[in-house]
file structure_9.cif (mmCIF, C-alpha atoms)
data_final
loop_
_atom_site.group_PDB
_atom_site.id
_atom_site.type_symbol
_atom_site.label_atom_id
_atom_site.label_comp_id
_atom_site.auth_asym_id
_atom_site.auth_seq_id
_atom_site.Cartn_x
_atom_site.Cartn_y
_atom_site.Cartn_z
ATOM 1 C CA MET A 139 25.297 20.220 1.063
ATOM 2 C CA SER A 140 25.689 17.276 -1.323
ATOM 3 C CA PRO A 141 23.377 17.203 -4.346
ATOM 4 C CA PRO A 142 20.528 14.684 -4.272
ATOM 5 C CA ALA A 143 21.645 11.258 -5.446
ATOM 6 C CA HIS A 144 20.874 10.463 -9.053
ATOM 7 C CA GLY A 145 22.350 7.266 -10.456
ATOM 8 C CA ILE A 146 22.826 5.626 -13.827
ATOM 9 C CA THR A 147 23.455 1.981 -14.698
ATOM 10 C CA VAL A 148 26.648 0.799 -16.397
ATOM 11 C CA PRO A 149 27.895 -0.632 -18.641
ATOM 12 C CA LEU A 150 26.575 1.868 -21.152
ATOM 13 C CA ASN A 151 25.857 0.829 -24.731
ATOM 14 C CA ALA A 152 29.351 1.794 -25.833
ATOM 15 C CA PRO A 153 32.823 0.224 -25.685
ATOM 16 C CA LEU A 154 34.275 0.394 -22.201
ATOM 17 C CA ALA A 155 37.194 2.453 -23.506
ATOM 18 C CA GLU A 156 34.695 5.243 -24.268
ATOM 19 C CA HIS A 157 33.168 5.206 -20.789
ATOM 20 C CA PRO A 158 35.470 7.811 -19.185
ATOM 21 C CA ARG A 159 34.327 10.542 -21.593
ATOM 22 C CA LEU A 160 30.677 9.508 -21.321
ATOM 23 C CA ILE A 161 30.781 9.373 -17.536
ATOM 24 C CA ARG A 162 32.255 12.858 -17.357
ATOM 25 C CA GLU A 163 29.369 14.102 -19.514
ATOM 26 C CA LEU A 164 26.844 12.375 -17.261
ATOM 27 C CA ARG A 165 28.463 13.887 -14.186
ATOM 28 C CA THR A 166 28.265 17.366 -15.716
ATOM 29 C CA ALA A 167 24.550 16.730 -16.310
ATOM 30 C CA GLY A 168 23.986 16.016 -12.607
ATOM 31 C CA TYR A 169 24.360 12.267 -12.185
ATOM 32 C CA THR A 170 26.082 11.581 -8.868
ATOM 33 C CA ASP A 171 26.216 7.779 -8.900
ATOM 34 C CA ILE A 172 27.356 4.992 -11.212
ATOM 35 C CA TRP A 173 25.987 1.529 -10.409
ATOM 36 C CA SER A 174 26.943 -1.644 -12.239
ATOM 37 C CA ALA A 175 24.692 -4.440 -13.407
ATOM 38 C CA GLU A 176 26.338 -7.866 -13.581
ATOM 39 C CA VAL A 177 24.224 -10.287 -15.599
ATOM 40 C CA ASP A 178 25.570 -11.467 -18.954
ATOM 41 C CA GLY A 179 27.559 -8.492 -20.251
ATOM 42 C CA LEU A 180 30.514 -7.036 -18.366
ATOM 43 C CA ASP A 181 31.415 -7.893 -14.783
ATOM 44 C CA GLY A 182 30.275 -5.776 -11.857
ATOM 45 C CA PHE A 183 33.635 -4.265 -10.889
ATOM 46 C CA THR A 184 35.596 -3.308 -14.019
ATOM 47 C CA PRO A 185 33.167 -0.623 -15.305
ATOM 48 C CA LEU A 186 33.175 0.929 -11.827
ATOM 49 C CA THR A 187 36.967 1.032 -11.763
ATOM 50 C CA VAL A 188 36.897 2.858 -15.086
ATOM 51 C CA ALA A 189 34.327 5.299 -13.685
ATOM 52 C CA ALA A 190 36.331 5.853 -10.497
ATOM 53 C CA LEU A 191 39.392 6.847 -12.490
ATOM 54 C CA ALA A 192 37.358 9.008 -14.875
ATOM 55 C CA ASP A 193 35.930 11.217 -12.134
ATOM 56 C CA PRO A 194 37.406 11.780 -8.662
ATOM 57 C CA GLU A 195 34.056 12.431 -6.981
ATOM 58 C CA VAL A 196 31.561 10.073 -8.598
ATOM 59 C CA ARG A 197 29.971 7.594 -6.198
ATOM 60 C CA LEU A 198 29.975 3.925 -7.130
ATOM 61 C CA GLY A 199 28.055 0.770 -6.315
ATOM 62 C CA THR A 200 27.607 -2.820 -7.427
ATOM 63 C CA ALA A 201 23.997 -3.750 -8.014
ATOM 64 C CA ILE A 202 24.675 -6.526 -7.658
ATOM 65 C CA VAL A 203 27.420 -9.120 -7.367
ATOM 66 C CA SER A 204 26.546 -12.596 -6.167
ATOM 67 C CA PRO A 205 28.296 -14.527 -3.382
ATOM 68 C CA TYR A 206 27.706 -17.704 -5.389
ATOM 69 C CA THR A 207 29.869 -16.634 -8.335
ATOM 70 C CA ARG A 208 32.960 -15.525 -6.363
ATOM 71 C CA GLY A 209 34.553 -17.184 -3.380
ATOM 72 C CA PRO A 210 34.391 -15.230 -0.107
ATOM 73 C CA ALA A 211 38.064 -14.232 -0.145
ATOM 74 C CA THR A 212 38.003 -13.266 -3.838
ATOM 75 C CA LEU A 213 34.927 -11.126 -3.276
ATOM 76 C CA ALA A 214 36.578 -9.399 -0.304
ATOM 77 C CA MET A 215 39.789 -8.732 -2.233
ATOM 78 C CA THR A 216 37.991 -7.393 -5.295
ATOM 79 C CA ALA A 217 35.847 -5.072 -3.188
ATOM 80 C CA ALA A 218 38.887 -3.921 -1.201
ATOM 81 C CA ALA A 219 40.692 -3.051 -4.428
ATOM 82 C CA LEU A 220 37.851 -0.848 -5.648
ATOM 83 C CA ALA A 221 37.524 0.732 -2.199
ATOM 84 C CA GLU A 222 41.221 1.615 -2.450
ATOM 85 C CA VAL A 223 40.742 3.195 -5.877
ATOM 86 C CA ALA A 224 37.723 5.187 -4.685
ATOM 87 C CA PRO A 225 38.001 5.606 -0.892
ATOM 88 C CA GLY A 226 34.725 6.617 0.682
ATOM 89 C CA ARG A 227 32.902 6.535 -2.639
ATOM 90 C CA PHE A 228 32.149 2.836 -3.127
ATOM 91 C CA ARG A 229 29.275 0.731 -1.827
ATOM 92 C CA LEU A 230 29.273 -3.031 -2.211
ATOM 93 C CA GLY A 231 25.890 -4.410 -3.197
ATOM 94 C CA VAL A 232 25.558 -8.177 -2.828
ATOM 95 C CA GLY A 233 22.629 -10.391 -3.617
ATOM 96 C CA ALA A 234 21.800 -14.004 -4.276
ATOM 97 C CA GLY A 235 20.926 -13.471 -7.922
ATOM 98 C CA SER A 236 18.786 -16.158 -9.515
ATOM 99 C CA ALA A 237 18.971 -19.815 -10.448
ATOM 100 C CA PRO A 238 19.690 -19.198 -14.158
ATOM 101 C CA ILE A 239 22.723 -17.029 -13.356
ATOM 102 C CA VAL A 240 24.036 -19.165 -10.513
ATOM 103 C CA GLU A 241 23.295 -22.670 -11.774
ATOM 104 C CA SER A 242 22.878 -22.542 -15.557
ATOM 105 C CA TRP A 243 25.713 -20.082 -16.232
ATOM 106 C CA ASN A 244 28.137 -20.531 -13.327
ATOM 107 C CA GLY A 245 27.784 -24.171 -12.355
ATOM 108 C CA ALA A 246 26.988 -23.504 -8.692
ATOM 109 C CA SER A 247 24.020 -24.618 -6.616
ATOM 110 C CA PHE A 248 21.407 -21.969 -5.841
ATOM 111 C CA ASP A 249 20.960 -23.298 -2.323
ATOM 112 C CA ARG A 250 19.738 -21.412 0.780
ATOM 113 C CA PRO A 251 20.077 -17.903 -0.700
ATOM 114 C CA TYR A 252 19.051 -16.099 2.495
ATOM 115 C CA GLN A 253 21.668 -17.914 4.550
ATOM 116 C CA ARG A 254 24.354 -17.493 1.890
ATOM 117 C CA VAL A 255 23.852 -13.740 1.682
ATOM 118 C CA ARG A 256 23.725 -13.408 5.488
ATOM 119 C CA ASP A 257 26.926 -15.404 5.913
ATOM 120 C CA THR A 258 28.666 -13.374 3.218
ATOM 121 C CA VAL A 259 27.751 -10.073 4.870
ATOM 122 C CA ARG A 260 29.116 -11.314 8.194
ATOM 123 C CA PHE A 261 32.341 -12.528 6.600
ATOM 124 C CA LEU A 262 32.846 -9.268 4.686
ATOM 125 C CA ARG A 263 32.383 -7.175 7.821
ATOM 126 C CA ALA A 264 35.167 -9.097 9.524
ATOM 127 C CA ALA A 265 37.432 -9.116 6.462
ATOM 128 C CA PHE A 266 37.089 -5.379 5.836
ATOM 129 C CA ALA A 267 37.985 -4.760 9.484
ATOM 130 C CA GLY A 268 41.309 -6.538 8.927
ATOM 131 C CA GLU A 269 40.422 -9.496 11.124
ATOM 132 C CA LYS A 270 41.862 -12.946 10.601
ATOM 133 C CA VAL A 271 38.790 -14.986 9.747
ATOM 134 C CA THR A 272 38.499 -18.590 10.783
ATOM 135 C CA GLU A 273 34.823 -19.365 10.870
ATOM 136 C CA LYS A 274 32.437 -22.158 9.934
ATOM 137 C CA TYR A 275 29.393 -20.336 8.619
ATOM 138 C CA GLU A 276 26.183 -22.171 7.803
ATOM 139 C CA THR A 277 26.827 -22.144 4.026
ATOM 140 C CA PHE A 278 30.640 -22.035 3.759
ATOM 141 C CA ALA A 279 33.766 -22.126 5.895
ATOM 142 C CA VAL A 280 36.843 -19.883 5.909
ATOM 143 C CA ARG A 281 40.122 -20.841 7.581
ATOM 144 C CA GLY A 282 42.810 -18.308 8.332
ATOM 145 C CA PHE A 283 41.997 -15.588 5.786
ATOM 146 C CA ARG A 284 43.068 -12.007 6.391
ATOM 147 C CA LEU A 285 43.145 -9.120 3.936
ATOM 148 C CA SER A 286 46.733 -7.897 3.813
ATOM 149 C CA ARG A 287 45.414 -4.558 2.497
ATOM 150 C CA PRO A 288 42.106 -3.964 4.277
ATOM 151 C CA PRO A 289 40.329 -0.855 2.993
ATOM 152 C CA GLN A 290 41.048 2.332 4.908
ATOM 153 C CA SER A 291 37.421 3.263 4.207
ATOM 154 C CA PRO A 292 35.487 -0.015 4.484
ATOM 155 C CA PRO A 293 32.682 0.111 1.912
ATOM 156 C CA PRO A 294 29.101 0.070 3.175
ATOM 157 C CA ILE A 295 27.428 -3.240 2.333
ATOM 158 C CA LEU A 296 23.967 -3.278 0.774
ATOM 159 C CA VAL A 297 21.795 -6.337 0.220
ATOM 160 C CA ALA A 298 19.569 -6.917 -2.777
ATOM 161 C CA ALA A 299 16.209 -7.806 -1.321
ATOM 162 C CA LEU A 300 12.731 -8.673 -2.497
ATOM 163 C CA ARG A 301 10.613 -10.162 0.274
ATOM 164 C CA PRO A 302 10.446 -9.631 4.053
ATOM 165 C CA GLY A 303 13.227 -11.978 5.171
ATOM 166 C CA MET A 304 15.919 -10.472 2.967
ATOM 167 C CA LEU A 305 14.564 -6.940 3.428
ATOM 168 C CA ARG A 306 14.898 -7.316 7.198
ATOM 169 C CA LEU A 307 18.394 -8.762 6.757
ATOM 170 C CA ALA A 308 19.357 -5.701 4.690
ATOM 171 C CA GLY A 309 18.273 -3.446 7.521
ATOM 172 C CA ARG A 310 19.546 -5.550 10.403
ATOM 173 C CA GLU A 311 23.015 -6.657 9.257
ATOM 174 C CA ALA A 312 23.791 -4.493 6.234
ATOM 175 C CA ASP A 313 23.725 -0.768 5.544
ATOM 176 C CA GLY A 314 20.644 -0.812 3.378
ATOM 177 C CA ALA A 315 18.821 -2.516 0.544
ATOM 178 C CA ILE A 316 18.894 -2.615 -3.234
ATOM 179 C CA LEU A 317 15.455 -2.909 -4.844
ATOM 180 C CA ASN A 318 14.570 -3.978 -8.351
ATOM 181 C CA TRP A 319 11.500 -4.570 -10.512
ATOM 182 C CA LEU A 320 8.925 -2.774 -8.405
ATOM 183 C CA SER A 321 6.679 0.263 -8.716
ATOM 184 C CA ALA A 322 6.919 3.484 -6.746
ATOM 185 C CA GLU A 323 3.828 2.396 -4.824
ATOM 186 C CA ASP A 324 5.494 -0.956 -4.033
ATOM 187 C CA VAL A 325 8.420 0.922 -2.468
ATOM 188 C CA LYS A 326 6.086 2.108 0.284
ATOM 189 C CA ARG A 327 5.387 -1.504 1.171
ATOM 190 C CA VAL A 328 8.943 -2.824 1.218
ATOM 191 C CA VAL A 329 10.888 0.050 2.809
ATOM 192 C CA PRO A 330 9.422 -0.359 6.316
ATOM 193 C CA TYR A 331 10.955 -3.849 6.550
ATOM 194 C CA VAL A 332 14.415 -2.370 5.905
ATOM 195 C CA HIS A 333 13.822 0.484 8.323
ATOM 196 C CA GLU A 334 13.181 -1.982 11.143
ATOM 197 C CA GLY A 335 16.994 -1.981 11.284
ATOM 198 C CA GLY A 336 17.175 1.818 11.534
ATOM 199 C CA PRO A 337 15.750 4.892 9.816
ATOM 200 C CA ASP A 338 19.069 5.843 8.186
ATOM 201 C CA LYS A 339 19.390 2.756 5.999
ATOM 202 C CA GLU A 340 20.104 3.443 2.348
ATOM 203 C CA ILE A 341 17.446 2.437 -0.175
ATOM 204 C CA VAL A 342 18.782 2.017 -3.694
ATOM 205 C CA ALA A 343 16.321 1.200 -6.485
ATOM 206 C CA ARG A 344 17.045 0.344 -10.085
ATOM 207 C CA ILE A 345 14.328 1.975 -12.171
ATOM 208 C CA PHE A 346 13.731 0.924 -15.754
ATOM 209 C CA VAL A 347 13.087 3.961 -17.919
ATOM 210 C CA LEU A 348 11.885 4.101 -21.519
ATOM 211 C CA PRO A 349 11.848 7.763 -22.605
ATOM 212 C CA ILE A 350 9.517 7.005 -25.512
ATOM 213 C CA GLU A 351 6.356 8.994 -26.159
ATOM 214 C CA ASP A 352 4.840 6.265 -28.357
ATOM 215 C CA ARG A 353 2.955 4.393 -25.661
ATOM 216 C CA ASP A 354 2.344 1.271 -27.758
ATOM 217 C CA THR A 355 6.036 0.914 -28.572
ATOM 218 C CA ALA A 356 7.020 1.477 -24.942
ATOM 219 C CA ARG A 357 4.542 -1.131 -23.749
ATOM 220 C CA ALA A 358 5.681 -3.664 -26.366
ATOM 221 C CA ILE A 359 9.280 -3.297 -25.191
ATOM 222 C CA GLY A 360 8.138 -3.415 -21.569
ATOM 223 C CA ARG A 361 6.289 -6.671 -22.139
ATOM 224 C CA ARG A 362 9.434 -8.305 -23.481
ATOM 225 C CA MET A 363 11.399 -7.115 -20.468
ATOM 226 C CA ILE A 364 8.735 -8.341 -18.043
ATOM 227 C CA THR A 365 8.473 -11.820 -19.569
ATOM 228 C CA SER A 366 12.272 -12.086 -19.438
ATOM 229 C CA TYR A 367 12.456 -11.272 -15.722
ATOM 230 C CA LEU A 368 9.178 -11.951 -13.979
ATOM 231 C CA THR A 369 9.050 -15.555 -15.194
ATOM 232 C CA VAL A 370 12.176 -16.250 -13.093
ATOM 233 C CA PRO A 371 10.903 -17.938 -9.880
ATOM 234 C CA VAL A 372 12.368 -15.422 -7.397
ATOM 235 C CA TYR A 373 10.724 -12.515 -9.214
ATOM 236 C CA ALA A 374 7.478 -14.395 -9.760
ATOM 237 C CA ASP A 375 7.263 -15.079 -6.028
ATOM 238 C CA PHE A 376 8.060 -11.423 -5.324
ATOM 239 C CA HIS A 377 5.163 -10.215 -7.440
ATOM 240 C CA ARG A 378 2.779 -12.745 -5.959
ATOM 241 C CA TRP A 379 3.709 -11.303 -2.570
ATOM 242 C CA LEU A 380 3.189 -7.769 -3.880
ATOM 243 C CA GLY A 381 -0.310 -8.768 -4.982
ATOM 244 C CA ARG A 382 0.090 -9.177 -8.759
ATOM 245 C CA GLY A 383 -0.495 -12.922 -8.769
ATOM 246 C CA GLU A 384 -3.936 -12.725 -10.343
ATOM 247 C CA GLU A 385 -2.851 -10.197 -12.980
ATOM 248 C CA LEU A 386 0.203 -12.185 -14.022
ATOM 249 C CA ALA A 387 -1.147 -15.743 -13.677
ATOM 250 C CA PRO A 388 -2.237 -16.004 -17.344
ATOM 251 C CA MET A 389 1.184 -14.844 -18.524
ATOM 252 C CA TRP A 390 2.951 -17.319 -16.253
ATOM 253 C CA ALA A 391 0.717 -20.152 -17.476
ATOM 254 C CA ALA A 392 1.384 -19.397 -21.146
ATOM 255 C CA TRP A 393 5.118 -19.148 -20.470
ATOM 256 C CA ALA A 394 5.128 -22.494 -18.657
ATOM 257 C CA GLU A 395 3.379 -24.055 -21.651
ATOM 258 C CA GLY A 396 6.101 -22.730 -23.950
ATOM 259 C CA ASP A 397 3.835 -20.227 -25.720
ATOM 260 C CA ARG A 398 6.115 -17.198 -25.597
ATOM 261 C CA LYS A 399 4.039 -15.137 -28.042
ATOM 262 C CA ARG A 400 0.885 -15.640 -26.019
ATOM 263 C CA ALA A 401 2.746 -14.845 -22.791
ATOM 264 C CA LEU A 402 3.771 -11.480 -24.219
ATOM 265 C CA GLU A 403 0.197 -10.690 -25.162
ATOM 266 C CA LEU A 404 -1.022 -11.538 -21.673
ATOM 267 C CA VAL A 405 1.119 -9.003 -19.795
ATOM 268 C CA PRO A 406 -1.435 -6.377 -18.703
ATOM 269 C CA ASP A 407 -0.840 -2.767 -19.715
ATOM 270 C CA ALA A 408 -1.316 -1.772 -16.085
ATOM 271 C CA VAL A 409 1.611 -3.944 -14.999
ATOM 272 C CA VAL A 410 3.880 -2.441 -17.657
ATOM 273 C CA ASP A 411 2.854 1.051 -16.600
ATOM 274 C CA ASP A 412 3.491 0.196 -12.944
ATOM 275 C CA LEU A 413 6.941 -1.304 -13.356
ATOM 276 C CA ILE A 414 8.503 0.672 -16.206
ATOM 277 C CA VAL A 415 8.655 4.450 -16.341
ATOM 278 C CA HIS A 416 7.891 5.580 -19.885
ATOM 279 C CA GLY A 417 6.770 8.642 -21.807
ATOM 280 C CA SER A 418 8.282 12.046 -22.497
ATOM 281 C CA PRO A 419 11.446 12.998 -20.605
ATOM 282 C CA ALA A 420 9.392 15.297 -18.380
ATOM 283 C CA LYS A 421 6.907 12.546 -17.610
ATOM 284 C CA CYS A 422 9.748 10.132 -16.898
ATOM 285 C CA ARG A 423 11.432 12.577 -14.510
ATOM 286 C CA ALA A 424 8.124 12.896 -12.660
ATOM 287 C CA GLY A 425 7.866 9.113 -12.477
ATOM 288 C CA ILE A 426 11.379 8.841 -11.061
ATOM 289 C CA ALA A 427 10.536 11.512 -8.483
ATOM 290 C CA ARG A 428 7.679 9.338 -7.214
ATOM 291 C CA TYR A 429 10.179 6.642 -6.245
ATOM 292 C CA VAL A 430 12.134 9.161 -4.207
ATOM 293 C CA GLU A 431 8.946 10.420 -2.556
ATOM 294 C CA ALA A 432 8.110 6.808 -1.638
ATOM 295 C CA GLY A 433 11.416 6.305 0.213
ATOM 296 C CA VAL A 434 14.173 5.604 -2.312
ATOM 297 C CA THR A 435 17.374 7.443 -1.368
ATOM 298 C CA VAL A 436 19.313 6.564 -4.528
ATOM 299 C CA PRO A 437 17.306 6.206 -7.746
ATOM 300 C CA VAL A 438 19.445 4.371 -10.318
ATOM 301 C CA LEU A 439 18.158 4.623 -13.862
ATOM 302 C CA ALA A 440 18.408 1.724 -16.281
ATOM 303 C CA VAL A 441 17.688 3.638 -19.470
ATOM 304 C CA VAL A 442 16.407 1.665 -22.451
ATOM 305 C CA ASP A 443 16.810 3.401 -25.804
ATOM 306 C CA PRO A 444 15.535 1.159 -28.628
ATOM 307 C CA ARG A 445 16.748 3.382 -31.448
ATOM 308 C CA PRO A 446 19.408 1.663 -33.567
ATOM 309 C CA ASN A 447 22.806 3.361 -33.413
ATOM 310 C CA ALA A 448 21.518 5.914 -30.892
ATOM 311 C CA ASP A 449 24.003 8.025 -28.977
ATOM 312 C CA PRO A 450 24.721 5.906 -25.849
ATOM 313 C CA ILE A 451 23.884 8.674 -23.377
ATOM 314 C CA GLU A 452 21.487 10.949 -25.280
ATOM 315 C CA ALA A 453 18.417 9.527 -23.538
ATOM 316 C CA ALA A 454 20.138 9.591 -20.137
ATOM 317 C CA LEU A 455 21.066 13.243 -20.611
ATOM 318 C CA ALA A 456 17.437 14.059 -21.404
ATOM 319 C CA LEU A 457 16.482 12.551 -18.035
ATOM 320 C CA ALA A 458 19.261 14.180 -16.026
ATOM 321 C CA PRO A 459 18.611 16.604 -13.153
ATOM 322 C CA THR A 460 19.932 19.546 -15.169
ATOM 323 C CA ALA A 461 17.528 18.750 -18.020
ATOM 324 C CA GLY A 462 14.509 19.627 -15.895
#
call {"tool": "encode", "arguments": {"input": "structure_9.cif", "output": "structure tokens"}}
result
Amino acid sequence: MSPPAHGITVPLNAPLAEHPRLIRELRTAGYTDIWSAEVDGLDGFTPLTVAALADPEVRLGTAIVSPYTRGPATLAMTAAALAEVAPGRFRLGVGAGSAPIVESWNGASFDRPYQRVRDTVRFLRAAFAGEKVTEKYETFAVRGFRLSRPPQSPPPILVAALRPGMLRLAGREADGAILNWLSAEDVKRVVPYVHEGGPDKEIVARIFVLPIEDRDTARAIGRRMITSYLTVPVYADFHRWLGRGEELAPMWAAWAEGDRKRALELVPDAVVDDLIVHGSPAKCRAGIARYVEAGVTVPVLAVVDPRPNADPIEAALALAPTAG
């Protein structure tokens, strides 16, 4: 029987050339999965290629790459290459991303995200099957593209989803969903939408973890993280839907007025405690377990270690399955 999934986010806070050694240490500690985060550091595929070559059994996933920042054929070819390096071990997570990433950093238009993700999933299914694709989708068109090296093990496709429409799409047309910025209790609300497409759908969740016993320090860091993310419209709308509109309204108002200091002060402690796992390693492991109990099949830790010059995986090792 395979061990329970236990993932970690890359890139780690170390040069990529050091990742093979670090990944082998993480694998020895019980981590089964390596999932990338493509925002403003390294791309979503290269760290996974390094991980695939470092360990012949580690499972891999992108969480996420956006269909706005790569053309359909380029995305298919890049995913096929990684699937060839790690046959049967790679899952392709796609998601719309957000307006700052798509428009401000990549010069594309963040238009009709639901339709763009849906169309991309449909195109990828056909491309991975080796079909010659000539299709006018709602958000793009492809004429005469065929992968000359389609993957022998087509990677499962997961969709990053927040609200009901995308969650249902993840269950209906993809192989599961990737969740982000939600509490363990929130998981119970969102998972049923994915499972409308079938009870076997994979549920991946990135979980922010601060293994810090100083509660005030953990909450101060958490507030900075929350104001960085939850002021982005897609995440603000997500948390209004989850029922945090009243709690977060003062923070959003201060942010909109340009008062960043006041916005930080207005993030309620309860919201930090809901969305970010913090405390001793034992307490953090218990918090992670609650996500699994709520329906997450692959918990993926995004470990935040604020100590300057800290060992890049010391905190992750303290949270590993073998540490308990």
call {"tool": "closest_atom_pairs", "arguments": {"input": "structure_9.cif", "of": "segment 431-450 of chain A", "to": "segment 153-171 of chain A", "cutoff": "12 Å", "atoms": "only C-alpha atoms", "output": "CSV"}}
result
residue,atom,partner,partner_atom,distance
A:Thr435,CA,A:Asp171,CA,11.6
A:Val436,CA,A:Asp171,CA,8.3
A:Pro437,CA,A:Asp171,CA,9.1
A:Val438,CA,A:Asp171,CA,7.7
A:Leu439,CA,A:Asp171,CA,10.0
A:Asp449,CA,A:Leu160,CA,10.3
A:Pro450,CA,A:Leu160,CA,8.3
call {"tool": "closest_atom_pairs", "arguments": {"input": "structure_9.cif", "of": "segment 266-354 of chain A", "to": "segment 173-183 of chain A", "cutoff": "12 Å", "atoms": "only C-alpha atoms", "output": "tab-separated table"}}
result
residue	atom	partner	partner_atom	distance
A:Ile316	CA	A:Trp173	CA	10.9
A:Asn318	CA	A:Ala175	CA	11.3
A:Val342	CA	A:Trp173	CA	9.9
A:Ala343	CA	A:Trp173	CA	10.4
A:Arg344	CA	A:Trp173	CA	9.0
A:Ile345	CA	A:Trp173	CA	11.8
call {"tool": "write_last_selection", "arguments": {"input": "structure_9.cif", "atoms": "C-alpha atoms", "output": "PDB file, in the frame of the given file"}}
result
ATOM      1  CA  ILE A 316      18.894  -2.615  -3.234  1.00  0.00           C
ATOM      2  CA  ASN A 318      14.570  -3.978  -8.351  1.00  0.00           C
ATOM      3  CA  VAL A 342      18.782   2.017  -3.694  1.00  0.00           C
ATOM      4  CA  ALA A 343      16.321   1.200  -6.485  1.00  0.00           C
ATOM      5  CA  ARG A 344      17.045   0.344 -10.085  1.00  0.00           C
ATOM      6  CA  ILE A 345      14.328   1.975 -12.171  1.00  0.00           C
TER       7      ILE A 345
END
call {"tool": "resolve_selection", "arguments": {"input": "structure_9.cif", "expression": "the PyMOL selection byres ((chain A and resi 197-212) around 6)", "output": "list in words"}}
result
Asp171, Ile172, Trp173, Ser174, Ala175, Gly182, Val196, Leu213, Ala214, Met215, Arg227, Phe228, Arg229, Leu230, Gly231, Val232, Gly233, Ala234 and Gly235 of chain A
call {"tool": "resolve_selection", "arguments": {"input": "structure_9.cif", "expression": "the PyMOL selection byres ((chain A and resi 434) around 9)", "output": "PyMOL selection string"}}
result
chain A and resi 317+322+325+329+340-343+428-433+435-437
call {"tool": "atom_distance", "arguments": {"input": "structure_9.cif", "atom1": "atom CA of Phe283 of chain A", "atom2": "atom CA of Lys270 of chain A"}}
result
5.5 Å
call {"tool": "closest_residue", "arguments": {"input": "structure_9.cif", "among": "A:Ala189, A:Ala454, A:Leu320, A:Ala219", "to": "Phe376 of chain A", "atoms": "all atoms listed in the file"}}
result
A:Leu320
call {"tool": "resolve_selection", "arguments": {"input": "structure_9.cif", "expression": "the PyMOL selection byres ((chain A and resi 305) around 9)", "output": "PyMOL selection string"}}
result
chain A and resi 297-304+306-310+314-315+328-333
call {"tool": "residues_around", "arguments": {"input": "structure_9.cif", "residues": "Arg398 of chain A", "least_positions_apart": "4", "cutoff": "12 Å", "atoms": "only C-alpha atoms", "output": "count of residues only"}}
result
17
call {"tool": "closest_residue", "arguments": {"input": "structure_9.cif", "among": "A:Lys274, A:Arg353, A:Ala218, A:Ala374", "to": "Ser286 of chain A", "atoms": "only C-alpha atoms"}}
result
A:Ala218
call {"tool": "atom_distance", "arguments": {"input": "structure_9.cif", "atom1": "atom CA of Ser321 of chain A", "atom2": "atom CA of Asp411 of chain A"}}
result
8.8 Å
call {"tool": "decode", "arguments": {"input": "structure_9.cif", "residues": "segment 257-269 of chain A", "atoms": "N, CA and C atoms", "output": "PDB file, in the first residue's frame"}}
result
ATOM      1  N   ASP A 257     -11.524  25.555 -21.738  1.00  0.00           N
ATOM      2  CA  ASP A 257     -11.041  25.296 -23.096  1.00  0.00           C
ATOM      3  C   ASP A 257      -9.654  24.657 -23.071  1.00  0.00           C
ATOM      4  N   THR A 258      -8.820  25.098 -22.146  1.00  0.00           N
ATOM      5  CA  THR A 258      -7.471  24.553 -22.043  1.00  0.00           C
ATOM      6  C   THR A 258      -7.508  23.088 -21.630  1.00  0.00           C
ATOM      7  N   VAL A 259      -8.353  22.747 -20.677  1.00  0.00           N
ATOM      8  CA  VAL A 259      -8.479  21.347 -20.262  1.00  0.00           C
ATOM      9  C   VAL A 259      -8.911  20.486 -21.442  1.00  0.00           C
ATOM     10  N   ARG A 260      -9.874  20.950 -22.205  1.00  0.00           N
ATOM     11  CA  ARG A 260     -10.361  20.178 -23.352  1.00  0.00           C
ATOM     12  C   ARG A 260      -9.268  20.009 -24.407  1.00  0.00           C
ATOM     13  N   PHE A 261      -8.530  21.076 -24.669  1.00  0.00           N
ATOM     14  CA  PHE A 261      -7.436  20.982 -25.635  1.00  0.00           C
ATOM     15  C   PHE A 261      -6.371  20.007 -25.154  1.00  0.00           C
ATOM     16  N   LEU A 262      -5.984  20.101 -23.884  1.00  0.00           N
ATOM     17  CA  LEU A 262      -4.929  19.233 -23.355  1.00  0.00           C
ATOM     18  C   LEU A 262      -5.327  17.766 -23.410  1.00  0.00           C
ATOM     19  N   ARG A 263      -6.572  17.472 -23.118  1.00  0.00           N
ATOM     20  CA  ARG A 263      -7.032  16.074 -23.206  1.00  0.00           C
ATOM     21  C   ARG A 263      -6.778  15.526 -24.611  1.00  0.00           C
ATOM     22  N   ALA A 264      -7.157  16.308 -25.607  1.00  0.00           N
ATOM     23  CA  ALA A 264      -6.984  15.856 -26.987  1.00  0.00           C
ATOM     24  C   ALA A 264      -5.509  15.764 -27.359  1.00  0.00           C
ATOM     25  N   ALA A 265      -4.718  16.763 -26.943  1.00  0.00           N
ATOM     26  CA  ALA A 265      -3.300  16.772 -27.292  1.00  0.00           C
ATOM     27  C   ALA A 265      -2.567  15.599 -26.655  1.00  0.00           C
ATOM     28  N   PHE A 266      -2.841  15.338 -25.380  1.00  0.00           N
ATOM     29  CA  PHE A 266      -2.164  14.232 -24.696  1.00  0.00           C
ATOM     30  C   PHE A 266      -2.533  12.875 -25.299  1.00  0.00           C
ATOM     31  N   ALA A 267      -3.711  12.811 -25.905  1.00  0.00           N
ATOM     32  CA  ALA A 267      -4.137  11.559 -26.554  1.00  0.00           C
ATOM     33  C   ALA A 267      -3.504  11.377 -27.931  1.00  0.00           C
ATOM     34  N   GLY A 268      -2.709  12.344 -28.377  1.00  0.00           N
ATOM     35  CA  GLY A 268      -2.048  12.240 -29.668  1.00  0.00           C
ATOM     36  C   GLY A 268      -2.911  12.672 -30.835  1.00  0.00           C
ATOM     37  N   GLU A 269      -4.046  13.293 -30.548  1.00  0.00           N
ATOM     38  CA  GLU A 269      -4.934  13.718 -31.631  1.00  0.00           C
ATOM     39  C   GLU A 269      -4.379  14.946 -32.350  1.00  0.00           C
TER      40      GLU A 269
END
